[in-house]
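Below is one structure, written out as structure tokens; the observations come after it.
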Amino acid sequence: MDKKKLQEIQKHLPDHVTLIAVSKTHTKEEIDEAYACGCRVFGENKVQELKEKYDDRYQWHMIGHLQRNKVKDVVPLADMIQSLDSLRLAEEIEKQCAKIDKIMPVLIEVNISREANKTGVYMEECPAFVKQCMQYKHLDVQGLMCVGPLDADRDRIEECFERMNILFHKLQSEYGSEQIRYLSMGMSDDYPIALKHGSNMIRLGTVIFGKRNYSI
């Protein structure tokens, strides 16, 4: 883990921005080390890893694509699901949360770059989808999440992030900034651009933990 880099990021990060330490493929020991350095929220992409690493001292966000048959495993553990991208998934989260009387904070995942290999709702579908998700009493829709365009130049990334910012503020004007609070946008390679375009939640893995170890 790059403690010096993490401290540098924390030092320059505005107070209103939440840092999600993306711990996928990294060990419990590395997570403990990041916690000792001030990280409080950890993001996992895979349900199995979340189950194996779960520690109730920390906050956990599910940030990867979530299959409906895995929702029952995630709901008791996650403090937020950032990858809500379909009504069928919303229905399953509602069903599993109702069983344990839990309100689940969720973010709507938006496929802002319209890439075929990505999950998420399209920008034009998002307002109606948010309205539908608001009907579920065990879901607390708190904002939006996106993954920036892959292998794109800076102008393309800027364009996508600015469109997300516009959509975020549109939803805030409709539902209020107390309800729609989080714009989760920006990862290790593009978080400075995301911050420029209004992100208040960044998801950093490689820049904190180093390259992923896919052998674990």
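Each chain in the structure tokens gets a letter, A, B, ..., in the order shown, and its residues are numbered from 1; ligands are numbered from 1 in order too.
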Within 8 Å of segment 198-206 of chain A: each segment 10-38 of chain A residue with its shortest pair, only C-alpha atoms, as JSON lines:
```
{"residue": "A:His16", "atom": "CA", "partner": "A:Asn200", "partner_atom": "CA", "distance": 6.4}
{"residue": "A:Val17", "atom": "CA", "partner": "A:Asn200", "partner_atom": "CA", "distance": 4.2}
{"residue": "A:Thr18", "atom": "CA", "partner": "A:Met201", "partner_atom": "CA", "distance": 4.6}
{"residue": "A:Leu19", "atom": "CA", "partner": "A:Ile202", "partner_atom": "CA", "distance": 5.2}
{"residue": "A:Ile20", "atom": "CA", "partner": "A:Arg203", "partner_atom": "CA", "distance": 4.6}
{"residue": "A:Ala21", "atom": "CA", "partner": "A:Leu204", "partner_atom": "CA", "distance": 5.3}
{"residue": "A:Val22", "atom": "CA", "partner": "A:Gly205", "partner_atom": "CA", "distance": 4.4}
{"residue": "A:Ser23", "atom": "CA", "partner": "A:Gly205", "partner_atom": "CA", "distance": 6.3}
{"residue": "A:Lys24", "atom": "CA", "partner": "A:Gly205", "partner_atom": "CA", "distance": 7.8}
```
Residues near Lys70 of chain A, anyone? I mean within 10 Å using only C-alpha atoms, not counting same-chain ones fewer than 2 positions away, as a PyMOL selection string.
chain A and resi 46-48+66-68+72-75+92-93
Restricted to N, CA and C atoms, what would the selected residues look like written as a PDB file, in the first residue's frame?
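Okay, selection28.pdb is ready:
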```pdb
ATOM      1  N   LYS A  46     -17.175  -7.671  -5.877  1.00  0.00           N
ATOM      2  CA  LYS A  46     -17.702  -9.028  -5.904  1.00  0.00           C
ATOM      3  C   LYS A  46     -18.287  -9.408  -4.545  1.00  0.00           C
ATOM      4  N   VAL A  47     -19.426 -10.067  -4.623  1.00  0.00           N
ATOM      5  CA  VAL A  47     -20.156 -10.439  -3.409  1.00  0.00           C
ATOM      6  C   VAL A  47     -19.327 -11.374  -2.534  1.00  0.00           C
ATOM      7  N   GLN A  48     -18.665 -12.345  -3.147  1.00  0.00           N
ATOM      8  CA  GLN A  48     -17.890 -13.312  -2.375  1.00  0.00           C
ATOM      9  C   GLN A  48     -16.778 -12.633  -1.586  1.00  0.00           C
ATOM     10  N   LEU A  66     -24.374  -6.179  -9.654  1.00  0.00           N
ATOM     11  CA  LEU A  66     -24.980  -7.070  -8.663  1.00  0.00           C
ATOM     12  C   LEU A  66     -26.061  -7.920  -9.315  1.00  0.00           C
ATOM     13  N   GLN A  67     -25.872  -9.240  -9.256  1.00  0.00           N
ATOM     14  CA  GLN A  67     -26.881 -10.158  -9.766  1.00  0.00           C
ATOM     15  C   GLN A  67     -27.971 -10.341  -8.719  1.00  0.00           C
ATOM     16  N   ARG A  68     -29.183 -10.542  -9.205  1.00  0.00           N
ATOM     17  CA  ARG A  68     -30.318 -10.626  -8.275  1.00  0.00           C
ATOM     18  C   ARG A  68     -30.186 -11.793  -7.294  1.00  0.00           C
ATOM     19  N   LYS A  72     -29.451 -11.291  -1.605  1.00  0.00           N
ATOM     20  CA  LYS A  72     -29.702 -11.758  -0.228  1.00  0.00           C
ATOM     21  C   LYS A  72     -28.428 -11.816   0.601  1.00  0.00           C
ATOM     22  N   ASP A  73     -27.290 -12.021  -0.062  1.00  0.00           N
ATOM     23  CA  ASP A  73     -26.010 -12.056   0.651  1.00  0.00           C
ATOM     24  C   ASP A  73     -25.468 -10.657   0.930  1.00  0.00           C
ATOM     25  N   VAL A  74     -25.781  -9.722   0.052  1.00  0.00           N
ATOM     26  CA  VAL A  74     -25.248  -8.359   0.164  1.00  0.00           C
ATOM     27  C   VAL A  74     -26.020  -7.509   1.165  1.00  0.00           C
ATOM     28  N   VAL A  75     -27.330  -7.638   1.153  1.00  0.00           N
ATOM     29  CA  VAL A  75     -28.192  -6.747   1.945  1.00  0.00           C
ATOM     30  C   VAL A  75     -27.822  -6.690   3.431  1.00  0.00           C
ATOM     31  N   GLU A  92     -35.755  -6.833  -6.033  1.00  0.00           N
ATOM     32  CA  GLU A  92     -35.108  -7.859  -5.211  1.00  0.00           C
ATOM     33  C   GLU A  92     -34.468  -7.244  -3.963  1.00  0.00           C
ATOM     34  N   ILE A  93     -33.850  -6.073  -4.123  1.00  0.00           N
ATOM     35  CA  ILE A  93     -33.283  -5.386  -2.954  1.00  0.00           C
ATOM     36  C   ILE A  93     -34.396  -5.038  -1.973  1.00  0.00           C
TER      37      ILE A  93
END
```
When distances are computed from only C-alpha atoms, which of A:Ile63, A:Cys126, A:Ala98, A:Leu167 shows the smallest separation from Pro76 of chain A?
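So, comparing all the options, the nearest one is A:Ala98.
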For Ala194 of chain A, please output as a VMD selection string all residues within 10 Å (counting only C-alpha atoms; exclusion window: fewer than 2 positions along the same chain).
chain A and resid 148 157 to 158 160 to 162 164 to 165 183 to 187 190 to 192 196 to 202
Residues of segment 69-152 of chain A in strand (DSSP E), written as a list of chain:residue names:
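So the strand (DSSP E) residues in segment 69-152 of chain A would be A:Met80, A:Ile81, A:Gln82, A:Ser83, A:Leu84, A:Met104, A:Pro105, A:Val106, A:Leu107, A:Ile108, A:Glu109, A:Val110, A:Leu139, A:Asp140, A:Val141, A:Gln142, A:Gly143, A:Leu144, A:Met145, A:Cys146.
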Just write the chosen residues, C-alpha atoms, as a PDB file, in the first residue's frame.
```
ATOM      1  CA  MET A  80     -24.754   1.194   0.418  1.00  0.00           C
ATOM      2  CA  ILE A  81     -25.329  -0.381  -2.990  1.00  0.00           C
ATOM      3  CA  GLN A  82     -23.890   1.899  -5.667  1.00  0.00           C
ATOM      4  CA  SER A  83     -24.816  -0.194  -8.695  1.00  0.00           C
ATOM      5  CA  LEU A  84     -28.617  -0.187  -8.930  1.00  0.00           C
ATOM      6  CA  MET A 104     -30.771   0.391   1.996  1.00  0.00           C
ATOM      7  CA  PRO A 105     -29.066   3.529   0.685  1.00  0.00           C
ATOM      8  CA  VAL A 106     -28.610   3.122  -3.068  1.00  0.00           C
ATOM      9  CA  LEU A 107     -27.083   5.011  -5.967  1.00  0.00           C
ATOM     10  CA  ILE A 108     -28.359   4.696  -9.515  1.00  0.00           C
ATOM     11  CA  GLU A 109     -25.649   3.524 -11.895  1.00  0.00           C
ATOM     12  CA  VAL A 110     -25.654   5.527 -15.125  1.00  0.00           C
ATOM     13  CA  LEU A 139     -34.735   1.794  -0.804  1.00  0.00           C
ATOM     14  CA  ASP A 140     -33.240   5.206  -0.074  1.00  0.00           C
ATOM     15  CA  VAL A 141     -32.109   6.680  -3.395  1.00  0.00           C
ATOM     16  CA  GLN A 142     -29.260   9.016  -2.464  1.00  0.00           C
ATOM     17  CA  GLY A 143     -27.680   9.871  -5.803  1.00  0.00           C
ATOM     18  CA  LEU A 144     -25.864   8.655  -8.895  1.00  0.00           C
ATOM     19  CA  MET A 145     -22.797   6.608  -9.790  1.00  0.00           C
ATOM     20  CA  CYS A 146     -20.921   6.220 -13.052  1.00  0.00           C
TER      21      CYS A 146
END
```
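Picture a line from atom CA of Lys5 of chain A to atom CA of Phe209 of chain A; it runs 9.7 Å.
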May I have all residues of segment 4-177 of chain A that DSSP, computed from the backbone, assigns to alpha helix (DSSP H), given as a count of residues only?
73
Which of A:Arg88, A:Lys53, A:His12, A:Lys4 sits closest to Lys28 of chain A [using only C-alpha atoms]:
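Using only C-alpha atoms, Lys28 of chain A sits closest to A:Lys53.
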Contacts of Asp151 of chain A within 12 Å, only C-alpha atoms, excl. fewer than 2 positions in-chain, as a count of residues only:
12
Which neighbours of Glu33 of chain A fall inside 10 Å, counting only C-alpha atoms, when residues of the same chain fewer than 4 positions from it are skipped, and could you give them as a CSV table (one decimal) with C-alpha atoms, in the first residue's frame?
```
chain,number,residue,atom,x,y,z
A,1,MET,CA,0.0,0.0,0.0
A,3,LYS,CA,0.7,5.3,2.4
A,27,THR,CA,-6.3,-8.7,1.7
A,28,LYS,CA,-7.9,-8.0,5.1
A,29,GLU,CA,-4.5,-6.9,6.3
A,37,CYS,CA,-4.3,5.6,7.6
A,38,GLY,CA,-7.8,7.1,7.8
A,39,CYS,CA,-9.9,5.3,5.2
A,209,PHE,CA,-3.4,-0.3,-2.8
```
Can you measure atom CA of Asp56 of chain A to atom CA of Arg40 of chain A for me? One decimal in Å is fine.
11.3 Å
Could you name the residues that touch Leu77 of chain A at 8 Å or less, counting only C-alpha atoms, but leaving out those on the same chain fewer than 5 positions away, as a tab-separated table (two decimals) with N, CA and C atoms, in the first residue's frame?
```
chain	number	residue	atom	x	y	z
A	50	LEU	N	-16.77	-9.51	-0.56
A	50	LEU	CA	-17.41	-8.75	0.52
A	50	LEU	C	-17.70	-9.66	1.71
A	51	LYS	N	-18.22	-10.85	1.43
A	51	LYS	CA	-18.54	-11.79	2.51
A	51	LYS	C	-17.28	-12.23	3.26
A	54	TYR	N	-15.70	-9.00	5.23
A	54	TYR	CA	-16.58	-8.15	6.03
A	54	TYR	C	-16.11	-8.01	7.48
A	60	TRP	N	-19.09	-0.55	4.26
A	60	TRP	CA	-18.89	-1.30	3.03
A	60	TRP	C	-19.90	-0.88	1.96
```
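Coordinates place atom CA of Lys211 of chain A at a distance of 22.2 Å from atom CA of Leu13 of chain A.
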Counting only C-alpha atoms, figure out which residue out of A:Leu171, A:Asp2, A:Glu49, A:Ile112 gets nearest to His26 of chain A.
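Selected residue with least distance to His26 of chain A: A:Glu49.
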